Amino acid sequence: MDMKINERWAQILPKKRAKIINRLAGLLRKNSKKIAETMAGEIGKPINAGRHEVEISARRVSDFCSYIPDCLEDEVVFEDESEKNMIRYEPAGAVAVISPWNAPVFVSLAGIIPPLLCGNTIIWKPSEHAAKTGKVLAAVIKKLENSGLPKRSFQVRYGGPKTGRDLAASDAAAVSLTGSVRAGQEVMKTSAAKLHRLVLELGGKDPAIVLNDADISQAARQIAKSATMYSGQVCFGVERVYCQTKAYDKFVKACVEEIKKIKIGDPFDESVEMGPMSVKFQYNKVLDHIREAKAKGAKILSGGQAMDLPGYFINPAVLVDVNHSMKIMKEETFGPIIPIMKFSSIEQAVKLANDTDYGLTASIWTKNIKRGEAVAKQIQAGTVEINRHGMSKAALPWGGYKMSGLGRIYSKEGIRGAFTNIKHIWTVKNKIL
Ligand code: NAD
């Protein structure tokens with residue numbers, strides 16, 4: 001595998017690179033229909049959700065282009081009459097980017113664009129479950145070769161885990177994987193032989209904590225939306241809810257009402273909000289988690305069954321009487337489920353929220369912002385939102401605590417550490433130190 005850096009691209013100044021890459025935003029919008037239709041056919045993502053994914057990806061590309069060049073400027077950190085200390089952020093080399101299937105445009109571009117803007121050569125492997133979308137997206141990115149992106153600075157390798165393993169064993173300078181904890185662990189083992197720089201964006205079991213003073217209808221609406229987005233196949237989606245005693249009955253009722261409103265059906269239908277599970281193993285896993293929870297005493301208030309529609313459809317579920325002996329509260333389900341557990345004290349909620357191997361995102365719902373922030377500080381997760389769940393910002397860190405990953409793919413701190421060689425140039429001016 002050719003894992004050499006493309007020097008022509010590496011030599012172009014960061015602001016010029018950004019100008020070239022920023023054209024991708026327009027190309028994505030121009031090809032939105034085709035990309036969304038490919039996703040609908042391949043992974044069952046509703047056509048409107050697909051178009052929205054393309055639009056937020058286009059915006060994200062522009063956001064990367066506007067802040068990343070500034071992160072790559074040389075920095076003089078100390079200078080006096082006798083010496084000067086400068087830090088440079090040079091391209092790291094070839095970066096292998098390995099992507100999942102669930103948001104094959106947004107998540108793939110989040111993996112590809114920051115290291116590309118840093119001057120690296122990208123070897124991208126789309127998911128084997130979203131290879132058609134991968135082909136369409138790759139063709140759109142390659143159109144940048146007509147406006148300044150040197151050939152071979154963006155390359156694609158199609159295939160499954162074996163191709164991923166080959167990339168992890170290659171001479172790349174860095175490996176950036178977004179996927180499951182299992183794949184992350186395997187990549188880490190394989191990469192050890194080459195001491196690759198690693199960024200691992202892995203799974204989550206993201207909690208939402210609803211306090212007594214929350215705006216209940218707002219919380220229920222947004223939590224239901226987050227838990228069922230892309231049929232719940234989102235790494236940062238709500239996977240479990242802890243609701244305080246006084247708000248509990250009202251919140252549960254509002255959640256059931258909210259998920260009953262969701263229009264489920266053919267992903268090509270413009271009015272559909274939720275399609276099928278994208279892959280059979282996800283369908284089986286979600287039904288298994290629901291079955292096990294039920295067998296251990298959970299009560300299903302709505303949904304939770306396979307639907308009689310062509311494809312892997314599951315009715316979004318609200319479950320109560322759940323506890324931490326159940327997989328649905330401990331393992332990543334990646335499906336349209338809202339398991340709700342009651343708590344009385346905030347200490348108890350924090351303990352339950354942190355009782356997981358994961359730590360990607362979390363949310364706190366309260367009208368008391370000070371209290372919300374105090375709770376957020378105690379949660380072990382890379383992003384904690386107050387009164388919203390599941391957003392990221394291009395220039396702020398994204399990544400997990402604990403087994404949700406290593407490193408950060410966005411932000412000055414994240415991209416410098418992951419995708420550049422940090423060099424200290426120390427000049428002695430007028431005396432030998
Ligand atoms: P997956 O781990 O099965 O596959 C992800 C990618 O890794 C695929 O391209 C696959 O071919 C490759 N791969 C698998 N085994 C490998 C190995 N041993 N070596 C190298 N590459 C290997 O995950 P998936 O089912 O495609 O995606 C779902 C998972 O991704 C969920 O756990 C989800 O939470 C996570 N995810 C995380 C984020 C984040 O930002 N943290 C974003 C999206 C998805």
# chains A, B, ... in the order shown; residues from 1 in each chain; ligands from 1

$ residues_near_ligand --ligand "ligand 1" --cutoff "8 Å" --atoms "only C-alpha atoms and all ligand atoms" --output "PyMOL selection string"
chain A and resi 98-103+107+125-129+159-168+177-187+190+200-204+233-236+332+334+360+398-400+404-405

$ residues_around --residues "region 53-59 of chain A" --least-positions-apart "2" --cutoff "7 Å" --atoms "only C-alpha atoms" --output "PyMOL selection string"
chain A and resi 25+28-29+32+49-51+61-63+105-106

$ residues_around --residues "region 196-198 of chain A" --least-positions-apart "2" --cutoff "12 Å" --atoms "only C-alpha atoms" --output "JSON, numbers by chain"
{"A": [92, 93, 94, 95, 96, 97, 98, 167, 168, 169, 170, 171, 172, 173, 174, 175, 176, 177, 178, 184, 185, 187, 188, 189, 190, 191, 192, 193, 194, 200, 201, 405, 406, 407, 408, 409, 414, 415, 416, 417, 418, 419, 420, 421]}

$ closest_residue --among "A:Trp365, A:Tyr312, A:Tyr410, A:Tyr401" --to "His389 (chain A)" --atoms "only C-alpha atoms"
A:Trp365

$ select_by_dssp --residues "region 115-230 of chain A" --states "strand (DSSP E)" --output "list in words"
Thr121, Ile122, Ile123, Trp124, Lys125, Phe154, Gln155, Val156, Ala174, Val175, Ser176, Leu177, Thr178, Arg197, Leu198, Val199, Leu200, Glu201, Asp206, Pro207, Ala208, Ile209 and Val210 of chain A

$ closest_atom_pairs --of "region 291-315 of chain A" --to "region 339-343 of chain A" --cutoff "12 Å" --atoms "only C-alpha atoms" --output "JSON lines"
{"residue": "A:Ala293", "atom": "CA", "partner": "A:Pro339", "partner_atom": "CA", "distance": 9.5}
{"residue": "A:Lys294", "atom": "CA", "partner": "A:Pro339", "partner_atom": "CA", "distance": 11.2}
{"residue": "A:Ala298", "atom": "CA", "partner": "A:Pro339", "partner_atom": "CA", "distance": 8.9}
{"residue": "A:Lys299", "atom": "CA", "partner": "A:Pro339", "partner_atom": "CA", "distance": 9.5}
{"residue": "A:Ile300", "atom": "CA", "partner": "A:Pro339", "partner_atom": "CA", "distance": 8.9}
{"residue": "A:Leu301", "atom": "CA", "partner": "A:Pro339", "partner_atom": "CA", "distance": 10.0}
{"residue": "A:Ser302", "atom": "CA", "partner": "A:Pro339", "partner_atom": "CA", "distance": 10.9}
{"residue": "A:Gly303", "atom": "CA", "partner": "A:Pro339", "partner_atom": "CA", "distance": 11.8}
{"residue": "A:Gly304", "atom": "CA", "partner": "A:Pro339", "partner_atom": "CA", "distance": 10.8}

$ residues_around --residues "Glu37 (chain A)" --least-positions-apart "4" --cutoff "7 Å" --atoms "only C-alpha atoms" --output "number ranges by chain"
A: 33, 41, 47

$ residues_around --residues "Val238 (chain A)" --least-positions-apart "2" --cutoff "7 Å" --atoms "only C-alpha atoms" --output "ChimeraX atom specification"
/A:206-208,223,226-227,236,240

$ closest_residue --among "A:Leu352, A:Lys19, A:Lys4, A:Asn85" --to "Lys429 (chain A)" --atoms "only C-alpha atoms"
A:Asn85

$ atom_distance --atom1 "CA of Tyr358 (chain A)" --atom2 "CA of Gly390 (chain A)"
15.4 Å

$ select_by_dssp --residues "region 181-390 of chain A" --states "helix (DSSP H, G or I)" --output "MDAnalysis selection string"
chainID A and resid 181:194 216:232 245:260 280:295 327:330 346:354 369:378

$ residues_around --residues "Lys263 (chain A)" --least-positions-apart "2" --cutoff "10 Å" --atoms "only C-alpha atoms" --output "number ranges by chain"
A: 259-261, 265-266, 271-275

$ write_last_selection --atoms "N, CA and C atoms" --output "PDB file, in the first residue's frame"
ATOM      1  N   ILE A 259     -43.185   9.667  20.830  1.00  0.00           N
ATOM      2  CA  ILE A 259     -42.733   8.650  19.871  1.00  0.00           C
ATOM      3  C   ILE A 259     -43.887   8.074  19.052  1.00  0.00           C
ATOM      4  N   LYS A 260     -45.108   8.235  19.572  1.00  0.00           N
ATOM      5  CA  LYS A 260     -46.250   7.780  18.759  1.00  0.00           C
ATOM      6  C   LYS A 260     -46.477   8.686  17.559  1.00  0.00           C
ATOM      7  N   LYS A 261     -45.953   9.907  17.628  1.00  0.00           N
ATOM      8  CA  LYS A 261     -46.154  10.863  16.516  1.00  0.00           C
ATOM      9  C   LYS A 261     -45.212  10.591  15.346  1.00  0.00           C
ATOM     10  N   GLY A 265     -41.763   4.472   7.970  1.00  0.00           N
ATOM     11  CA  GLY A 265     -42.135   3.855   6.691  1.00  0.00           C
ATOM     12  C   GLY A 265     -41.021   3.871   5.670  1.00  0.00           C
ATOM     13  N   ASP A 266     -41.444   3.811   4.399  1.00  0.00           N
ATOM     14  CA  ASP A 266     -40.532   3.726   3.256  1.00  0.00           C
ATOM     15  C   ASP A 266     -39.557   4.916   3.253  1.00  0.00           C
ATOM     16  N   SER A 271     -42.327  12.169   3.475  1.00  0.00           N
ATOM     17  CA  SER A 271     -42.908  12.536   4.771  1.00  0.00           C
ATOM     18  C   SER A 271     -42.418  11.628   5.910  1.00  0.00           C
ATOM     19  N   VAL A 272     -41.645  10.594   5.568  1.00  0.00           N
ATOM     20  CA  VAL A 272     -41.223   9.624   6.592  1.00  0.00           C
ATOM     21  C   VAL A 272     -40.080  10.182   7.439  1.00  0.00           C
ATOM     22  N   GLU A 273     -40.215   9.969   8.776  1.00  0.00           N
ATOM     23  CA  GLU A 273     -39.169  10.473   9.686  1.00  0.00           C
ATOM     24  C   GLU A 273     -38.235   9.361  10.148  1.00  0.00           C
ATOM     25  N   MET A 274     -38.742   8.121  10.191  1.00  0.00           N
ATOM     26  CA  MET A 274     -37.888   7.013  10.656  1.00  0.00           C
ATOM     27  C   MET A 274     -38.026   5.811   9.729  1.00  0.00           C
ATOM     28  N   GLY A 275     -36.897   5.299   9.286  1.00  0.00           N
ATOM     29  CA  GLY A 275     -36.904   4.137   8.402  1.00  0.00           C
ATOM     30  C   GLY A 275     -36.557   2.871   9.173  1.00  0.00           C
TER      31      GLY A 275
END

$ closest_residue --among "A:Val210, A:Glu258, A:Gln378, A:Asn146" --to "Lys246 (chain A)" --atoms "only C-alpha atoms"
A:Val210

$ atom_distance --atom1 "CA of Lys296 (chain A)" --atom2 "CA of Ile328 (chain A)"
10.9 Å
